[in-house]
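Have a look at query_1.tsv below; it lists TSV, C-alpha atoms.
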chain	number	residue	atom	x	y	z
H	4	CYS	CA	189.12	157.31	84.60
H	5	ALA	CA	188.05	160.86	85.40
H	6	ILE	CA	184.46	161.24	86.60
H	7	ALA	CA	183.12	163.49	83.85
H	8	ALA	CA	185.34	161.86	81.26
H	9	CYS	CA	183.52	158.57	81.86
H	10	THR	CA	180.09	159.95	80.93
H	11	PRO	CA	178.60	159.86	77.42
H	12	SER	CA	178.46	163.68	77.42
H	13	ALA	CA	182.28	163.79	77.53
H	14	THR	CA	182.65	161.97	74.23
H	15	ARG	CA	179.67	163.39	72.35
H	16	PRO	CA	180.67	166.46	70.29
H	17	LEU	CA	179.39	169.70	71.81
H	18	ARG	CA	177.99	172.68	69.96
H	19	LEU	CA	179.36	176.06	70.95
H	20	ARG	CA	176.21	177.82	69.78
H	21	ALA	CA	173.33	177.87	72.26
H	22	SER	CA	170.06	176.32	71.15
H	23	ALA	CA	167.21	178.78	70.69
H	24	ASP	CA	164.84	176.54	72.65
H	25	LEU	CA	167.07	176.27	75.75
H	26	THR	CA	165.15	176.68	79.03
H	27	ALA	CA	166.02	177.05	82.71
H	28	ARG	CA	165.14	173.38	83.21
H	29	ASP	CA	168.07	172.43	80.96
H	30	TYR	CA	170.70	173.94	83.26
H	31	ASP	CA	171.78	170.75	85.06
H	32	GLU	CA	172.17	168.89	81.78
H	33	VAL	CA	174.11	171.76	80.21
H	34	LEU	CA	176.37	172.00	83.28
H	35	THR	CA	177.15	168.27	82.99
H	36	ARG	CA	177.90	168.57	79.28
H	37	TRP	CA	180.41	171.36	79.77
H	38	THR	CA	182.10	170.03	82.94
H	39	ARG	CA	185.09	167.70	83.09
H	40	SER	CA	186.79	166.06	86.09
H	41	GLU	CA	190.26	164.64	86.60
H	42	ARG	CA	192.55	163.15	89.25
H	43	VAL	CA	196.34	163.27	89.39
H	44	TYR	CA	198.12	160.48	91.22
H	45	LYS	CA	201.74	160.02	92.27
H	46	GLY	CA	202.08	156.33	92.96
H	47	LEU	CA	199.06	155.44	95.06
H	48	ASP	CA	198.71	158.95	96.50
H	49	SER	CA	196.09	161.36	95.16
H	50	ILE	CA	197.81	164.67	94.34
H	51	LEU	CA	194.96	166.62	92.74
H	52	PHE	CA	191.22	166.19	92.27
H	53	MET	CA	189.49	168.80	90.15
H	54	HIS	CA	186.37	169.79	88.21
H	55	ALA	CA	186.32	172.41	85.45
H	56	THR	CA	183.42	173.98	83.55
H	57	PHE	CA	183.90	175.75	80.23
H	58	HIS	CA	181.84	178.92	80.00
H	59	SER	CA	180.69	178.23	76.46
H	60	PRO	CA	177.94	180.33	74.85
H	61	GLU	CA	175.50	177.51	75.64
H	62	PHE	CA	176.52	177.37	79.30
H	63	ARG	CA	176.32	181.17	79.69
H	64	ARG	CA	172.82	181.12	78.16
H	65	ALA	CA	171.70	178.35	80.51
H	66	PHE	CA	173.16	180.27	83.45
H	67	LEU	CA	171.21	183.39	82.52
H	68	LEU	CA	168.00	181.39	82.40
H	69	ARG	CA	168.54	179.62	85.74
H	70	HIS	CA	170.88	181.62	87.95
H	71	SER	CA	170.91	185.28	86.89
H	72	ASP	CA	169.27	186.17	90.22
H	73	VAL	CA	172.53	185.42	92.11
H	74	HIS	CA	174.00	188.59	90.63
H	75	GLY	CA	172.58	190.89	93.26
H	76	PRO	CA	173.68	192.51	96.53
H	77	GLY	CA	175.87	190.15	98.54
H	78	SER	CA	176.93	188.04	95.56
H	79	GLU	CA	180.16	189.79	94.64
H	80	GLN	CA	182.11	186.52	94.37
H	81	ALA	CA	179.73	185.02	91.83
H	82	SER	CA	179.68	188.31	89.94
H	83	ARG	CA	183.44	188.12	89.41
H	84	LEU	CA	182.80	185.35	86.89
H	85	SER	CA	182.39	186.79	83.40
H	86	LEU	CA	179.14	184.95	82.75
H	87	ILE	CA	176.96	187.98	82.04
H	88	GLU	CA	179.54	190.73	81.70
H	89	PRO	CA	180.25	192.47	78.34
H	90	GLU	CA	183.81	191.06	78.29
H	91	ALA	CA	182.52	187.47	78.31
H	92	GLU	CA	182.77	187.35	74.51
H	93	GLY	CA	186.33	188.71	74.59
H	94	GLN	CA	187.97	185.77	76.32
H	95	LEU	CA	187.71	182.05	76.96
H	96	GLU	CA	186.84	181.38	80.59
H	97	PHE	CA	186.70	178.25	82.72
H	98	PHE	CA	185.61	177.84	86.32
H	99	PHE	CA	187.39	175.15	88.31
H	100	SER	CA	187.52	173.71	91.80
H	101	ALA	CA	190.56	171.87	93.10
H	102	SER	CA	191.34	169.69	96.10
H	103	THR	CA	194.88	168.58	96.89
H	104	SER	CA	196.54	166.43	99.53
H	105	HIS	CA	198.82	169.34	100.46
H	106	ALA	CA	197.49	172.85	101.11
H	107	GLY	CA	200.37	174.52	99.25
H	108	TRP	CA	199.61	172.63	96.06
H	109	LYS	CA	196.28	174.34	95.35
H	110	ASP	CA	197.43	177.96	95.28
H	111	PHE	CA	196.84	178.20	91.54
H	112	ALA	CA	196.49	181.99	91.51
H	113	LYS	CA	199.85	182.78	93.14
H	114	GLU	CA	202.88	183.78	91.08
H	115	SER	CA	204.79	181.07	92.97
H	116	SER	CA	202.24	178.37	92.08
H	117	ILE	CA	203.73	175.06	90.96
H	118	TRP	CA	201.00	174.70	88.32
H	119	ARG	CA	201.06	176.02	84.77
H	120	VAL	CA	197.56	176.33	83.33
H	121	THR	CA	197.24	176.30	79.53
H	122	LEU	CA	194.58	175.89	76.87
H	123	GLU	CA	195.11	174.15	73.54
H	124	GLY	CA	192.74	174.74	70.66
H	125	ALA	CA	193.06	175.11	66.90
H	126	GLY	CA	196.50	174.25	65.53
H	127	GLY	CA	197.68	172.69	68.80
H	128	GLU	CA	199.31	175.91	70.04
H	129	ARG	CA	198.92	176.49	73.78
H	130	VAL	CA	198.06	179.77	75.50
H	131	ASP	CA	198.65	180.54	79.17
H	132	GLY	CA	195.74	181.43	81.43
H	133	VAL	CA	195.24	184.08	84.09
H	134	VAL	CA	193.94	182.42	87.26
H	135	ARG	CA	191.89	184.33	89.81
H	136	PRO	CA	190.64	183.00	93.16
H	137	ILE	CA	186.86	182.98	93.66
H	138	GLU	CA	185.57	182.84	97.23
H	139	THR	CA	183.37	179.81	97.74
H	140	THR	CA	179.87	180.94	98.77
H	141	ALA	CA	176.41	179.40	98.84
H	142	ASN	CA	175.66	181.22	95.57
H	143	LEU	CA	178.70	179.66	93.93
H	144	VAL	CA	177.79	176.16	95.10
H	145	ALA	CA	174.29	176.68	93.67
H	146	ILE	CA	175.87	177.35	90.27
H	147	TYR	CA	178.48	174.57	90.51
H	148	PRO	CA	177.11	171.81	92.83
H	149	PHE	CA	180.26	169.71	92.38
H	150	ILE	CA	182.21	172.01	94.74
H	151	THR	CA	183.27	170.11	97.87
H	152	SER	CA	184.04	171.51	101.30
H	153	PHE	CA	187.74	170.72	100.79
H	154	ALA	CA	188.11	172.51	97.45
H	155	LYS	CA	189.36	175.94	96.49
H	156	THR	CA	187.60	177.67	93.62
H	157	TYR	CA	188.97	179.74	90.74
H	158	SER	CA	188.31	181.17	87.32
H	159	VAL	CA	190.92	180.99	84.57
H	160	GLN	CA	190.74	183.20	81.51
H	161	PHE	CA	192.52	182.79	78.19
H	162	PRO	CA	192.94	185.17	75.25
H	163	LEU	CA	191.10	184.55	71.99
H	164	THR	CA	194.37	184.50	70.04
H	165	THR	CA	197.74	182.81	70.46
H	166	ALA	CA	201.13	184.52	70.74
H	167	SER	CA	201.48	184.17	66.96
H	168	GLY	CA	198.15	185.90	66.38
H	169	ASP	CA	196.13	182.84	65.39
H	170	PRO	CA	192.66	182.29	66.90
H	171	VAL	CA	192.44	179.67	69.65
H	172	VAL	CA	188.97	178.64	68.46
H	173	THR	CA	187.98	178.64	64.80
H	174	VAL	CA	184.99	177.27	62.87
H	175	HIS	CA	187.05	174.11	62.34
H	176	THR	CA	188.05	173.52	65.98
H	177	ASP	CA	187.01	170.05	67.14
H	178	LYS	CA	188.73	169.92	70.54
H	179	LEU	CA	189.76	172.10	73.49
H	180	VAL	CA	192.31	170.80	76.00
H	181	LEU	CA	192.70	172.45	79.41
H	182	ARG	CA	195.96	171.40	81.11
H	183	PHE	CA	197.27	171.78	84.64
H	184	ALA	CA	200.93	170.76	84.64
H	185	SER	CA	203.57	170.61	87.37
H	186	ALA	CA	206.46	168.45	88.53
H	187	LEU	CA	203.89	166.44	90.49
H	188	GLY	CA	201.95	165.45	87.38
H	189	GLN	CA	199.50	166.68	84.78
H	190	ALA	CA	195.72	166.95	84.61
H	191	GLU	CA	194.30	167.07	81.08
H	192	LEU	CA	190.62	167.91	80.57
H	193	VAL	CA	189.21	167.59	77.06
H	194	TRP	CA	186.09	169.03	75.42
H	195	ILE	CA	185.21	167.46	72.05
H	196	LEU	CA	183.51	170.06	69.85
H	197	GLU	CA	181.39	169.90	66.76
H	198	PRO	CA	183.08	172.30	64.32
H	199	VAL	CA	180.89	175.28	63.50
H	200	ASP	CA	181.77	174.92	59.84
H	201	ARG	CA	179.75	171.79	59.16
H	202	GLU	CA	177.58	173.10	56.35
H	203	LYS	CA	177.57	170.92	53.25
H	204	LYS	CA	178.88	172.68	50.20
H	205	PRO	CA	177.13	172.10	46.87
H	206	PRO	CA	179.08	169.78	44.57
H	207	THR	CA	181.16	171.49	41.95
H	208	SER	CA	180.32	170.83	38.32
H	209	GLY	CA	182.71	169.73	35.62

Take the structure in the file and give it back as structure tokens.
Amino acid sequence: CAIAACTPSATRPLRLRASADLTARDYDEVLTRWTRSERVYKGLDSILFMHATFHSPEFRRAFLLRHSDVHGPGSEQASRLSLIEPEAEGQLEFFFSASTSHAGWKDFAKESSIWRVTLEGAGGERVDGVVRPIETTANLVAIYPFITSFAKTYSVQFPLTTASGDPVVTVHTDKLVLRFASALGQAELVWILEPVDREKKPPTSG
């Protein structure tokens, strides 16, 4: 099974809202909670090995508490991630690293890429993502320690609404599925969410 998918944090429902008592010491735990890993095989050959972190409100808050200092001179690559930018609330962003057995198979940001990257949320409708390459630097590895020396690193951003105008995430959403699909195979990374709308309604009379 996938590395992160085997951990208890992968099956425990996650809250999108950041806890008010979150501290910088919680960063590693928060990173683990919001990161998933997957491998794609073709026969006995490993085609793709990847990690992906969802930039949820909780993760962005933990980042600000631990790593906001990387957003200074010389850290342009890390600054390209929408972790502290005003547009962070206007999209759904994931960071991912990918290693493949063939160099041409990890060019996710090219128009000629063999991979289609989609996100599935409320209602099961998928939206396509915009992938951007992120140069791997020491600052980036400090934020995402799972990056290996053989991996390429990217961000992928999705709109808040589908082509039909429905929101990708609603107060009832209990799962997000990030997919990387090609003729070689498919990687499916799943985040189980605790729906925001969990308040108990008073019983009706009569």

#### Entry: Counting all atoms listed in the file, the option among H:Ser158, H:Ser116, H:Thr176, H:Gln189 closest to Phe52 (chain H)
H:Gln189

Compile the contact shell of Ser152 (chain H) as a PDB file with C-alpha atoms, keeping the file's coordinate frame: residues with an atom at most 12 Å away, counting all atoms listed in the file, same-chain residues fewer than 3 positions apart removed.
ATOM      1  CA  SER H 100     187.520 173.710  91.800  1.00  0.00           C
ATOM      2  CA  ALA H 101     190.560 171.870  93.100  1.00  0.00           C
ATOM      3  CA  SER H 102     191.340 169.690  96.100  1.00  0.00           C
ATOM      4  CA  THR H 139     183.370 179.810  97.740  1.00  0.00           C
ATOM      5  CA  THR H 140     179.870 180.940  98.770  1.00  0.00           C
ATOM      6  CA  ALA H 141     176.410 179.400  98.840  1.00  0.00           C
ATOM      7  CA  VAL H 144     177.790 176.160  95.100  1.00  0.00           C
ATOM      8  CA  PRO H 148     177.110 171.810  92.830  1.00  0.00           C
ATOM      9  CA  PHE H 149     180.260 169.710  92.380  1.00  0.00           C
ATOM     10  CA  LYS H 155     189.360 175.940  96.490  1.00  0.00           C
ATOM     11  CA  THR H 156     187.600 177.670  93.620  1.00  0.00           C
TER      12      THR H 156
END

### Query
Looking at all atoms listed in the file, which of H:Pro60, H:Gly124, H:Gly188, H:Pro136 is the one that sits closest to Asp48 (chain H)?
H:Gly188

### Message
At a cut-off of 10 Å around the point (197.7, 181.9, 70.8) (file coordinates), what residues fall inside when counting only C-alpha atoms? I'd like the answer as a PyMOL selection string.
### Response
chain H and resi 122-131+161-172

Quick one: write out the picked residues with C-alpha atoms as a tab-separated table (two decimals), in the coordinates of the input?
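Output file part_11.tsv follows:
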chain	number	residue	atom	x	y	z
H	122	LEU	CA	194.58	175.89	76.87
H	123	GLU	CA	195.11	174.15	73.54
H	124	GLY	CA	192.74	174.74	70.66
H	125	ALA	CA	193.06	175.11	66.90
H	126	GLY	CA	196.50	174.25	65.53
H	127	GLY	CA	197.68	172.69	68.80
H	128	GLU	CA	199.31	175.91	70.04
H	129	ARG	CA	198.92	176.49	73.78
H	130	VAL	CA	198.06	179.77	75.50
H	131	ASP	CA	198.65	180.54	79.17
H	161	PHE	CA	192.52	182.79	78.19
H	162	PRO	CA	192.94	185.17	75.25
H	163	LEU	CA	191.10	184.55	71.99
H	164	THR	CA	194.37	184.50	70.04
H	165	THR	CA	197.74	182.81	70.46
H	166	ALA	CA	201.13	184.52	70.74
H	167	SER	CA	201.48	184.17	66.96
H	168	GLY	CA	198.15	185.90	66.38
H	169	ASP	CA	196.13	182.84	65.39
H	170	PRO	CA	192.66	182.29	66.90
H	171	VAL	CA	192.44	179.67	69.65
H	172	VAL	CA	188.97	178.64	68.46

### Two-atom distance - CA of Ile146 (chain H), CA of Val159 (chain H) (Å)
16.5 Å

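Rounded to one decimal, CA of Gln160 (chain H) and CA of Asn142 (chain H) lie 20.7 Å from each other.
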
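From CA of Tyr147 (chain H) back to CA of Ser185 (chain H), the distance works out to 25.6 Å.
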
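Each of H:Phe183, H:Glu61, H:Gly107, H:Leu143 was compared to Ala23 (chain H) using only C-alpha atoms, and H:Glu61 turns out to be the nearest.
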
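Distances to Leu86 (chain H) were evaluated for H:Ser115, H:Thr26, H:Ser104, H:Thr56 using all atoms listed in the file, and the minimum falls at H:Thr56.
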
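Compared by their closest atoms to Ser40 (chain H), and using all atoms listed in the file, the residues H:Ala65, H:Ile195, H:Leu181, H:Leu25 rank with H:Leu181 nearest.
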
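Restricting the calculation to all atoms listed in the file, the smallest distance between Leu196 (chain H) and any of H:Asp177, H:Leu51, H:Ala27, H:Asp110 is found for H:Asp177.
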
Mind working out the centre and edge lengths of an axis-aligned box for region 52-59 of chain H, all listed atoms inside, 5 Å added to each side, rounded to one decimal in Å and written as AutoDock Vina command-line options?
--center_x 186.0 --center_y 172.6 --center_z 84.4 --size_x 20.5 --size_y 22.7 --size_z 25.8
